[in-house]
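The file input-v4.tsv comes next; it holds TSV, C-alpha atoms.
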```tsv
chain	number	residue	atom	x	y	z
C	373	MET	CA	25.12	166.13	163.88
C	374	ALA	CA	28.87	165.47	164.01
C	375	LEU	CA	29.88	162.52	166.14
C	376	ALA	CA	31.96	164.75	168.43
C	377	ALA	CA	28.88	166.80	169.28
C	378	ARG	CA	27.08	163.65	170.35
C	379	VAL	CA	29.64	162.78	173.04
C	380	GLN	CA	28.64	164.35	176.36
C	381	ARG	CA	31.39	164.41	178.96
C	382	GLN	CA	30.11	164.46	182.53
C	383	PRO	CA	32.22	165.36	185.60
C	384	ASP	CA	32.05	161.87	187.12
C	385	ALA	CA	30.28	158.52	186.95
C	386	ALA	CA	27.49	159.69	189.27
C	387	ALA	CA	26.71	162.57	186.92
C	388	VAL	CA	26.67	160.14	183.99
C	389	ALA	CA	24.07	158.03	185.80
C	390	GLU	CA	21.91	161.06	186.57
C	391	GLN	CA	21.99	162.28	182.98
C	392	ALA	CA	21.21	158.80	181.66
C	393	ALA	CA	18.27	158.52	184.06
C	394	GLU	CA	16.93	161.88	182.86
C	395	ARG	CA	17.00	160.71	179.26
C	396	LEU	CA	15.38	157.40	180.21
C	397	LEU	CA	12.60	159.29	181.95
C	398	ALA	CA	11.96	161.21	178.72
C	399	GLY	CA	12.07	157.96	176.77
C	400	LEU	CA	9.44	156.38	178.98
C	401	ALA	CA	7.06	159.15	178.00
C	402	GLY	CA	7.51	158.32	174.31
C	403	ARG	CA	5.17	156.35	172.10
C	404	ARG	CA	7.53	153.38	171.62
C	405	PRO	CA	9.07	151.00	174.20
C	406	VAL	CA	12.45	151.75	175.73
C	407	GLY	CA	15.28	149.26	175.33
C	408	LEU	CA	17.08	148.40	178.56
C	409	ALA	CA	20.46	146.88	179.40
C	410	THR	CA	22.11	145.19	182.36
C	411	GLY	CA	25.63	145.26	183.76
C	412	ARG	CA	27.50	147.15	186.45
C	413	THR	CA	27.36	150.42	184.49
C	414	MET	CA	23.56	150.31	184.64
C	415	GLU	CA	23.20	149.81	188.39
C	416	PRO	CA	23.65	153.51	189.28
C	417	VAL	CA	21.56	154.50	186.25
C	418	TYR	CA	18.58	152.53	187.51
C	419	GLY	CA	19.13	153.83	191.02
C	420	ALA	CA	18.98	157.38	189.68
C	421	LEU	CA	15.89	156.51	187.64
C	422	ARG	CA	14.10	155.20	190.74
C	423	ARG	CA	14.91	158.39	192.63
C	424	ARG	CA	13.70	160.60	189.81
C	425	LEU	CA	10.45	158.67	189.52
C	426	ALA	CA	9.91	158.89	193.27
C	427	ALA	CA	10.36	162.67	193.13
C	428	LEU	CA	7.67	163.19	190.49
C	429	PRO	CA	4.16	164.38	191.34
C	430	ALA	CA	2.02	161.34	192.11
C	431	ALA	CA	-0.20	161.65	189.04
C	432	GLN	CA	2.76	162.02	186.66
C	433	ARG	CA	4.58	159.09	188.24
C	434	ALA	CA	1.47	156.91	188.06
C	435	ALA	CA	0.96	157.76	184.39
C	436	LEU	CA	4.56	156.92	183.49
C	437	LEU	CA	4.47	153.60	185.33
C	438	ALA	CA	1.08	152.66	183.88
C	439	GLY	CA	2.44	153.26	180.38
C	440	TRP	CA	5.79	151.54	180.98
C	441	ARG	CA	6.87	149.29	178.12
C	442	SER	CA	10.43	148.02	177.89
C	443	PHE	CA	12.41	145.26	176.21
C	444	ASN	CA	15.76	144.14	177.57
C	445	LEU	CA	18.61	143.42	175.23
C	446	ASP	CA	19.47	139.91	176.29
C	447	GLU	CA	19.31	136.92	178.61
C	448	TYR	CA	21.48	133.90	179.34
C	449	VAL	CA	20.31	130.58	177.92
C	450	GLY	CA	19.55	128.11	180.70
C	451	LEU	CA	18.85	130.55	183.54
C	452	ALA	CA	15.31	130.89	184.89
C	453	PRO	CA	13.96	134.25	186.08
C	454	SER	CA	14.16	132.89	189.63
C	455	ASP	CA	17.92	132.40	189.30
C	456	PRO	CA	19.57	135.45	190.91
C	457	ARG	CA	22.27	135.41	188.22
C	458	SER	CA	19.73	135.87	185.41
C	459	PHE	CA	19.10	139.25	183.87
C	460	ALA	CA	15.41	138.77	184.61
C	461	ALA	CA	16.22	138.62	188.33
C	462	THR	CA	18.52	141.63	187.99
C	463	MET	CA	15.77	143.69	186.36
C	464	ALA	CA	13.19	142.52	188.88
C	465	ALA	CA	15.40	143.74	191.73
C	466	ALA	CA	16.39	146.99	190.01
C	467	LEU	CA	13.10	148.11	188.51
C	468	ALA	CA	10.14	145.74	188.28
C	469	GLY	CA	9.93	145.06	192.02
C	470	PRO	CA	10.63	148.55	193.42
C	471	LEU	CA	8.36	150.20	190.84
C	472	GLU	CA	5.63	147.55	191.14
C	473	LEU	CA	5.44	147.05	187.40
C	474	ARG	CA	2.81	144.64	186.09
C	475	PRO	CA	3.86	141.32	184.52
C	476	GLY	CA	4.70	141.87	180.87
C	477	GLN	CA	5.60	145.55	181.17
C	478	LEU	CA	9.32	144.76	181.41
C	479	GLN	CA	10.13	142.05	178.89
C	480	LEU	CA	13.19	139.85	178.41
C	481	PRO	CA	13.94	136.76	176.33
C	482	ASP	CA	13.02	133.50	178.05
C	483	GLY	CA	16.30	131.85	178.99
C	484	THR	CA	14.56	128.54	179.74
C	485	ALA	CA	12.77	128.21	176.38
C	486	PRO	CA	13.40	124.68	175.05
C	487	TRP	CA	14.36	126.01	171.60
C	488	PRO	CA	16.47	129.16	172.05
C	489	ASP	CA	16.61	129.95	168.32
C	490	GLN	CA	12.82	129.86	168.17
C	491	GLU	CA	12.62	132.03	171.32
C	492	ALA	CA	14.88	134.61	169.66
C	493	ARG	CA	12.50	134.79	166.71
C	494	ARG	CA	9.50	135.08	169.06
C	495	TYR	CA	11.18	137.90	171.01
C	496	ALA	CA	12.04	139.80	167.83
C	497	ALA	CA	8.44	139.46	166.64
C	498	ALA	CA	7.11	140.70	170.00
C	499	LEU	CA	9.35	143.76	169.78
C	500	ALA	CA	8.26	144.45	166.20
C	501	ALA	CA	4.59	144.12	167.20
C	502	ALA	CA	5.18	146.70	169.95
C	503	GLY	CA	6.51	149.18	167.41
C	504	GLY	CA	10.25	148.69	167.91
C	505	ILE	CA	12.51	150.60	170.26
C	506	GLY	CA	12.21	154.32	170.93
C	507	LEU	CA	15.22	154.99	173.17
C	508	GLN	CA	17.79	152.19	173.41
C	509	LEU	CA	20.11	152.20	176.43
C	510	LEU	CA	23.47	150.48	175.88
C	511	GLY	CA	26.63	149.69	177.76
C	512	LEU	CA	29.91	148.74	176.10
C	513	GLY	CA	31.59	145.36	176.42
C	514	SER	CA	35.33	145.04	176.86
C	515	ASN	CA	35.62	143.44	173.41
C	516	GLY	CA	33.32	145.98	171.78
C	517	HIS	CA	30.06	144.08	172.06
C	518	VAL	CA	26.71	145.77	172.68
C	519	GLY	CA	23.96	143.57	173.98
C	520	PHE	CA	25.56	140.18	173.46
C	521	ASN	CA	26.49	140.93	169.85
C	522	GLU	CA	29.92	139.36	169.97
C	523	PRO	CA	32.56	140.05	167.31
C	524	PRO	CA	32.51	139.45	164.44
C	525	CYS	CA	29.04	140.91	163.95
C	526	GLY	CA	27.62	142.81	161.01
C	527	ALA	CA	25.24	145.73	161.22
C	528	GLU	CA	22.43	143.58	159.82
C	529	ALA	CA	22.67	140.80	162.45
C	530	PRO	CA	19.18	139.97	163.80
C	531	CYS	CA	17.95	138.88	167.21
C	532	ARG	CA	19.42	135.42	167.75
C	533	CYS	CA	20.95	132.85	170.08
C	534	LEU	CA	24.75	132.84	170.04
C	535	GLU	CA	27.88	131.56	171.75
C	536	LEU	CA	29.56	133.92	174.20
C	537	THR	CA	33.27	134.63	173.87
C	538	ALA	CA	35.88	133.97	176.54
C	539	ALA	CA	36.33	137.76	176.93
C	540	THR	CA	32.64	138.19	177.75
C	541	ALA	CA	32.66	135.25	180.16
C	542	LEU	CA	35.58	136.86	181.97
C	543	GLN	CA	33.86	140.26	182.08
C	544	ASN	CA	30.66	138.76	183.52
C	545	ALA	CA	32.27	136.26	185.88
C	546	SER	CA	31.68	138.39	188.99
C	547	ALA	CA	28.01	137.34	189.00
C	548	PHE	CA	29.09	133.69	188.91
C	549	GLY	CA	31.43	133.54	191.87
C	550	GLY	CA	34.31	134.96	189.86
C	551	ASP	CA	34.52	131.83	187.70
C	552	PRO	CA	34.34	132.48	183.94
C	553	ALA	CA	33.67	128.77	183.37
C	554	ALA	CA	30.42	129.12	185.34
C	555	VAL	CA	29.05	131.77	182.98
C	556	PRO	CA	26.50	130.22	180.59
C	557	SER	CA	27.99	129.55	177.19
C	558	ARG	CA	25.04	130.92	175.19
C	559	ALA	CA	22.67	133.87	175.29
C	560	ILE	CA	19.75	135.32	173.36
C	561	THR	CA	20.32	138.91	172.27
C	562	LEU	CA	18.66	141.57	170.22
C	563	GLY	CA	20.81	142.02	167.14
C	564	MET	CA	22.52	145.06	165.74
C	565	ALA	CA	19.58	145.28	163.32
C	566	GLU	CA	17.08	145.90	166.13
C	567	ILE	CA	19.46	148.19	168.01
C	568	LEU	CA	20.20	150.35	164.97
C	569	ALA	CA	16.47	150.55	164.17
C	570	ALA	CA	15.84	152.41	167.46
C	571	GLU	CA	14.77	156.05	167.19
C	572	GLU	CA	17.54	157.08	169.58
C	573	ILE	CA	20.54	155.30	171.14
C	574	LEU	CA	22.11	156.21	174.47
C	575	LEU	CA	25.55	154.64	175.01
C	576	VAL	CA	26.75	154.92	178.61
C	577	VAL	CA	30.44	154.29	179.31
C	578	THR	CA	32.36	154.88	182.54
C	579	GLY	CA	35.81	153.98	183.83
C	580	ALA	CA	39.32	153.92	182.42
C	581	ALA	CA	39.06	150.21	181.54
C	582	LYS	CA	36.69	151.10	178.68
C	583	ALA	CA	38.64	154.10	177.38
C	584	GLU	CA	40.52	152.38	174.55
C	585	ILE	CA	37.62	150.24	173.30
C	586	LEU	CA	35.41	153.35	173.32
C	587	ARG	CA	37.99	155.26	171.29
C	588	ARG	CA	38.14	152.48	168.74
C	589	ALA	CA	34.35	152.20	168.58
C	590	LEU	CA	33.89	155.92	167.92
C	591	GLU	CA	37.00	156.92	165.99
C	592	GLU	CA	37.94	153.97	163.79
C	593	PRO	CA	35.98	152.91	160.70
C	594	PRO	CA	32.96	150.69	161.46
C	595	THR	CA	33.82	147.00	161.31
C	596	ALA	CA	32.30	143.63	162.19
C	597	ALA	CA	35.34	143.05	164.41
C	598	LEU	CA	34.04	145.74	166.79
C	599	PRO	CA	30.21	145.61	166.84
C	600	ALA	CA	29.80	148.88	168.79
C	601	SER	CA	31.48	150.73	165.91
C	602	TRP	CA	28.27	150.36	163.87
C	603	LEU	CA	26.67	152.85	166.27
C	604	GLN	CA	28.62	155.64	164.54
C	605	GLN	CA	26.15	155.36	161.67
C	606	HIS	CA	23.08	156.08	163.81
C	607	PRO	CA	21.76	159.62	163.32
C	608	ARG	CA	20.62	159.96	166.93
C	609	LEU	CA	23.44	158.40	168.93
C	610	MET	CA	24.26	160.06	172.25
C	611	VAL	CA	27.30	158.94	174.25
C	612	LEU	CA	27.57	159.74	177.97
C	613	VAL	CA	31.06	159.38	179.45
C	614	ASP	CA	33.01	160.23	182.58
C	615	PRO	CA	36.58	161.63	182.36
C	616	PRO	CA	38.38	158.26	182.66
C	617	ALA	CA	36.27	156.70	179.88
C	618	ALA	CA	36.80	159.76	177.68
C	619	SER	CA	40.54	159.95	178.31
C	620	ARG	CA	41.57	158.37	174.97
C	621	LEU	CA	39.07	160.20	172.76
C	622	ARG	CA	40.46	162.57	170.17
C	623	LEU	CA	37.09	163.81	168.89
C	624	SER	CA	37.03	167.59	168.74
```
Can you present the structure in this file as structure tokens?
Amino acid sequence: MALAARVQRQPDAAAVAEQAAERLLAGLAGRRPVGLATGRTMEPVYGALRRRLAALPAAQRAALLAGWRSFNLDEYVGLAPSDPRSFAATMAAALAGPLELRPGQLQLPDGTAPWPDQEARRYAAALAAAGGIGLQLLGLGSNGHVGFNEPPCGAEAPCRCLELTAATALQNASAFGGDPAAVPSRAITLGMAEILAAEEILLVVTGAAKAEILRRALEEPPTAALPASWLQQHPRLMVLVDPPAASRLRLS
């Protein structure tokens, strides 16, 4: 399928969230785990997913929740799940708590592991043992990262612990009192290798601030300088965008 055909323009950000939730619901019914993401773009997506689950017949909802298996992309090094700034706490508030998921159904890297590099290898092995990702949900970083795959990053980069860039610290500072210096300097992330191995990828992008980086990611040749550009090569990439995010795209 041509890349242009895989970009779905929705009328607004709310419609993007609803469509993303619909695809996540289908992914949850698949045989492989879903890959989940955090960030402001995902908040309305998970809200829409909760509403859709609540609207299902009781037996169907129970079956989906009983079979829930998900792996998050990343976690900050040094933050415990009890820390409200951790991605574990974010996912607990957004999904695990409201949906009453059992421990272990919604997995993330352990940010408090004493040896983060070893934890990255353990997390990658756990994902492989579960069969890898079926549907991978992604947002887009302001510098072109997906997960915490900071540039430069090749398509073969594995799950690992890495240093976060100043651009990413600035983007994520709102969760740390607006202070980029308070953002942890390292994170554990699934690599481009695990992301590109997913059966299907769903990239969700909203807002004018992401318009130019999205254009570059989709329309310029893939490069390690812009990790999201490797997604062009995936045969089952779907991109959901609102009009401001799509405003710079020239795909026809």
Original post:
Smallest atom-to-atom distance to Gly506 in chain C: which of C:Leu421, C:Cys525, C:Leu400, C:Ala559, using all atoms listed in the file?
Top reply: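 Ranking C:Leu421, C:Cys525, C:Leu400, C:Ala559 by distance to Gly506 in chain C, first place goes to C:Leu400.
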Original post:
Smallest atom-to-atom distance to Ser546 in chain C: which of C:Tyr495, C:Arg532, C:Arg412, C:Thr561, using all atoms listed in the file?
Top reply: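 Smallest separation from Ser546 in chain C among the options: C:Arg412.
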List every residue of range 507-576 of chain C that has an atom at most 12 Å from any atom of range 599-622 of chain C, giving for each one its closest atom pair and the distance in Å to one decimal, counting only C-alpha atoms, sorted by chain and then by ascending residue number, as a Markdown table.
```
| residue | atom | partner | partner_atom | distance |
| --- | --- | --- | --- | --- |
| C:Leu507 | CA | C:Arg608 | CA | 9.6 |
| C:Gln508 | CA | C:Leu609 | CA | 9.5 |
| C:Leu509 | CA | C:Met610 | CA | 9.8 |
| C:Leu510 | CA | C:Val611 | CA | 9.4 |
| C:Gly511 | CA | C:Ala600 | CA | 9.5 |
| C:Leu512 | CA | C:Ala600 | CA | 7.3 |
| C:Gly513 | CA | C:Ala600 | CA | 8.6 |
| C:Ser514 | CA | C:Ala600 | CA | 10.5 |
| C:Asn515 | CA | C:Pro599 | CA | 8.8 |
| C:Gly516 | CA | C:Ala600 | CA | 5.5 |
| C:His517 | CA | C:Pro599 | CA | 5.4 |
| C:Val518 | CA | C:Ala600 | CA | 5.9 |
| C:Gly519 | CA | C:Ala600 | CA | 9.4 |
| C:Phe520 | CA | C:Pro599 | CA | 9.7 |
| C:Asn521 | CA | C:Pro599 | CA | 6.7 |
| C:Glu522 | CA | C:Pro599 | CA | 7.0 |
| C:Pro523 | CA | C:Pro599 | CA | 6.1 |
| C:Pro524 | CA | C:Pro599 | CA | 7.0 |
| C:Cys525 | CA | C:Pro599 | CA | 5.6 |
| C:Gly526 | CA | C:Pro599 | CA | 7.0 |
| C:Ala527 | CA | C:Trp602 | CA | 6.1 |
| C:Glu528 | CA | C:Trp602 | CA | 9.8 |
| C:Ala529 | CA | C:Pro599 | CA | 10.0 |
| C:Gly563 | CA | C:Pro599 | CA | 10.1 |
| C:Met564 | CA | C:Pro599 | CA | 7.8 |
| C:Ala565 | CA | C:Trp602 | CA | 10.1 |
| C:Glu566 | CA | C:Leu603 | CA | 11.8 |
| C:Ile567 | CA | C:Leu603 | CA | 8.8 |
| C:Leu568 | CA | C:His606 | CA | 6.5 |
| C:Ala569 | CA | C:His606 | CA | 8.6 |
| C:Ala570 | CA | C:His606 | CA | 8.9 |
| C:Glu571 | CA | C:Arg608 | CA | 7.0 |
| C:Glu572 | CA | C:Arg608 | CA | 5.0 |
| C:Ile573 | CA | C:Leu609 | CA | 4.8 |
| C:Leu574 | CA | C:Met610 | CA | 4.9 |
| C:Leu575 | CA | C:Val611 | CA | 4.7 |
| C:Val576 | CA | C:Leu612 | CA | 4.9 |
```
Can you write out the residues you just picked, keeping C-alpha atoms, as a PDB file, in the frame of the given file?
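Heads up, here's the output in selection34.pdb:
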```pdb
ATOM      1  CA  LEU C 507      15.220 154.990 173.170  1.00  0.00           C
ATOM      2  CA  GLN C 508      17.790 152.190 173.410  1.00  0.00           C
ATOM      3  CA  LEU C 509      20.110 152.200 176.430  1.00  0.00           C
ATOM      4  CA  LEU C 510      23.470 150.480 175.880  1.00  0.00           C
ATOM      5  CA  GLY C 511      26.630 149.690 177.760  1.00  0.00           C
ATOM      6  CA  LEU C 512      29.910 148.740 176.100  1.00  0.00           C
ATOM      7  CA  GLY C 513      31.590 145.360 176.420  1.00  0.00           C
ATOM      8  CA  SER C 514      35.330 145.040 176.860  1.00  0.00           C
ATOM      9  CA  ASN C 515      35.620 143.440 173.410  1.00  0.00           C
ATOM     10  CA  GLY C 516      33.320 145.980 171.780  1.00  0.00           C
ATOM     11  CA  HIS C 517      30.060 144.080 172.060  1.00  0.00           C
ATOM     12  CA  VAL C 518      26.710 145.770 172.680  1.00  0.00           C
ATOM     13  CA  GLY C 519      23.960 143.570 173.980  1.00  0.00           C
ATOM     14  CA  PHE C 520      25.560 140.180 173.460  1.00  0.00           C
ATOM     15  CA  ASN C 521      26.490 140.930 169.850  1.00  0.00           C
ATOM     16  CA  GLU C 522      29.920 139.360 169.970  1.00  0.00           C
ATOM     17  CA  PRO C 523      32.560 140.050 167.310  1.00  0.00           C
ATOM     18  CA  PRO C 524      32.510 139.450 164.440  1.00  0.00           C
ATOM     19  CA  CYS C 525      29.040 140.910 163.950  1.00  0.00           C
ATOM     20  CA  GLY C 526      27.620 142.810 161.010  1.00  0.00           C
ATOM     21  CA  ALA C 527      25.240 145.730 161.220  1.00  0.00           C
ATOM     22  CA  GLU C 528      22.430 143.580 159.820  1.00  0.00           C
ATOM     23  CA  ALA C 529      22.670 140.800 162.450  1.00  0.00           C
ATOM     24  CA  GLY C 563      20.810 142.020 167.140  1.00  0.00           C
ATOM     25  CA  MET C 564      22.520 145.060 165.740  1.00  0.00           C
ATOM     26  CA  ALA C 565      19.580 145.280 163.320  1.00  0.00           C
ATOM     27  CA  GLU C 566      17.080 145.900 166.130  1.00  0.00           C
ATOM     28  CA  ILE C 567      19.460 148.190 168.010  1.00  0.00           C
ATOM     29  CA  LEU C 568      20.200 150.350 164.970  1.00  0.00           C
ATOM     30  CA  ALA C 569      16.470 150.550 164.170  1.00  0.00           C
ATOM     31  CA  ALA C 570      15.840 152.410 167.460  1.00  0.00           C
ATOM     32  CA  GLU C 571      14.770 156.050 167.190  1.00  0.00           C
ATOM     33  CA  GLU C 572      17.540 157.080 169.580  1.00  0.00           C
ATOM     34  CA  ILE C 573      20.540 155.300 171.140  1.00  0.00           C
ATOM     35  CA  LEU C 574      22.110 156.210 174.470  1.00  0.00           C
ATOM     36  CA  LEU C 575      25.550 154.640 175.010  1.00  0.00           C
ATOM     37  CA  VAL C 576      26.750 154.920 178.610  1.00  0.00           C
TER      38      VAL C 576
END
```
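In this model, the gap between CA of Asp551 in chain C and CA of Ser458 in chain C comes to 15.5 Å.
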**OP:** Place a sphere of radius 6 Å on (20.6, 129.0, 170.4) in the file coordinates and name every protein, DNA or RNA residue with an atom inside or on its surface, counting only C-alpha atoms; give the answer as a list in words.
**Re:**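 Nearby residues: Pro488, Asp489, Cys533 and Leu534 of chain C.
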**OP:** Record the distance separating CA of Gly450 in chain C and CA of Arg474 in chain C, expressed in Å with one decimal.
**Re:**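 Separation of CA of Gly450 in chain C and CA of Arg474 in chain C: 24.1 Å.
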**OP:** Kindly extract all protein, DNA and RNA residues lying within 10 Å of the coordinates (39.3, 152.8, 170.0) given in the file, considering only C-alpha atoms, and supply them as a ChimeraX atom specification.
**Re:** /C:516,582-593,598,601,620-622
With the input short on atoms, add N, CA and C atoms back to range 434-452 of chain C and write it as a short mmCIF file (atom, residue, chain, number, x, y, z; two decimals), keeping the file's coordinate frame.
```
data_model
loop_
_atom_site.label_atom_id
_atom_site.label_comp_id
_atom_site.auth_asym_id
_atom_site.auth_seq_id
_atom_site.Cartn_x
_atom_site.Cartn_y
_atom_site.Cartn_z
N ALA C 434 2.42 157.99 188.33
CA ALA C 434 1.47 156.91 188.06
C ALA C 434 1.25 156.73 186.56
N ALA C 435 1.17 157.85 185.83
CA ALA C 435 0.96 157.76 184.39
C ALA C 435 2.15 157.12 183.70
N LEU C 436 3.36 157.51 184.09
CA LEU C 436 4.56 156.92 183.49
C LEU C 436 4.65 155.43 183.77
N LEU C 437 4.38 155.02 184.98
CA LEU C 437 4.47 153.60 185.33
C LEU C 437 3.37 152.79 184.67
N ALA C 438 2.18 153.37 184.54
CA ALA C 438 1.08 152.66 183.88
C ALA C 438 1.39 152.43 182.41
N GLY C 439 2.11 153.38 181.79
CA GLY C 439 2.44 153.26 180.38
C GLY C 439 3.78 152.61 180.09
N TRP C 440 4.45 152.12 181.14
CA TRP C 440 5.79 151.54 180.98
C TRP C 440 5.77 150.37 180.01
N ARG C 441 6.64 150.43 179.02
CA ARG C 441 6.87 149.29 178.12
C ARG C 441 8.37 149.25 177.83
N SER C 442 9.00 148.13 178.14
CA SER C 442 10.43 148.02 177.89
C SER C 442 10.79 146.61 177.44
N PHE C 443 11.85 146.53 176.66
CA PHE C 443 12.41 145.26 176.21
C PHE C 443 13.90 145.27 176.54
N ASN C 444 14.33 144.25 177.28
CA ASN C 444 15.76 144.14 177.57
C ASN C 444 16.50 143.56 176.38
N LEU C 445 17.78 143.87 176.33
CA LEU C 445 18.61 143.42 175.23
C LEU C 445 18.79 141.91 175.17
N ASP C 446 18.96 141.27 176.34
CA ASP C 446 19.47 139.91 176.29
C ASP C 446 19.17 139.12 177.56
N GLU C 447 19.44 137.83 177.47
CA GLU C 447 19.31 136.92 178.61
C GLU C 447 20.17 135.69 178.36
N TYR C 448 20.71 135.15 179.44
CA TYR C 448 21.48 133.90 179.34
C TYR C 448 20.56 132.73 179.03
N VAL C 449 21.03 131.82 178.18
CA VAL C 449 20.31 130.58 177.92
C VAL C 449 20.55 129.63 179.09
N GLY C 450 19.46 129.09 179.62
CA GLY C 450 19.55 128.11 180.70
C GLY C 450 19.27 128.65 182.08
N LEU C 451 19.13 129.97 182.23
CA LEU C 451 18.85 130.55 183.54
C LEU C 451 17.38 130.98 183.63
N ALA C 452 16.70 130.52 184.65
CA ALA C 452 15.31 130.89 184.89
C ALA C 452 15.24 132.26 185.55
#
```
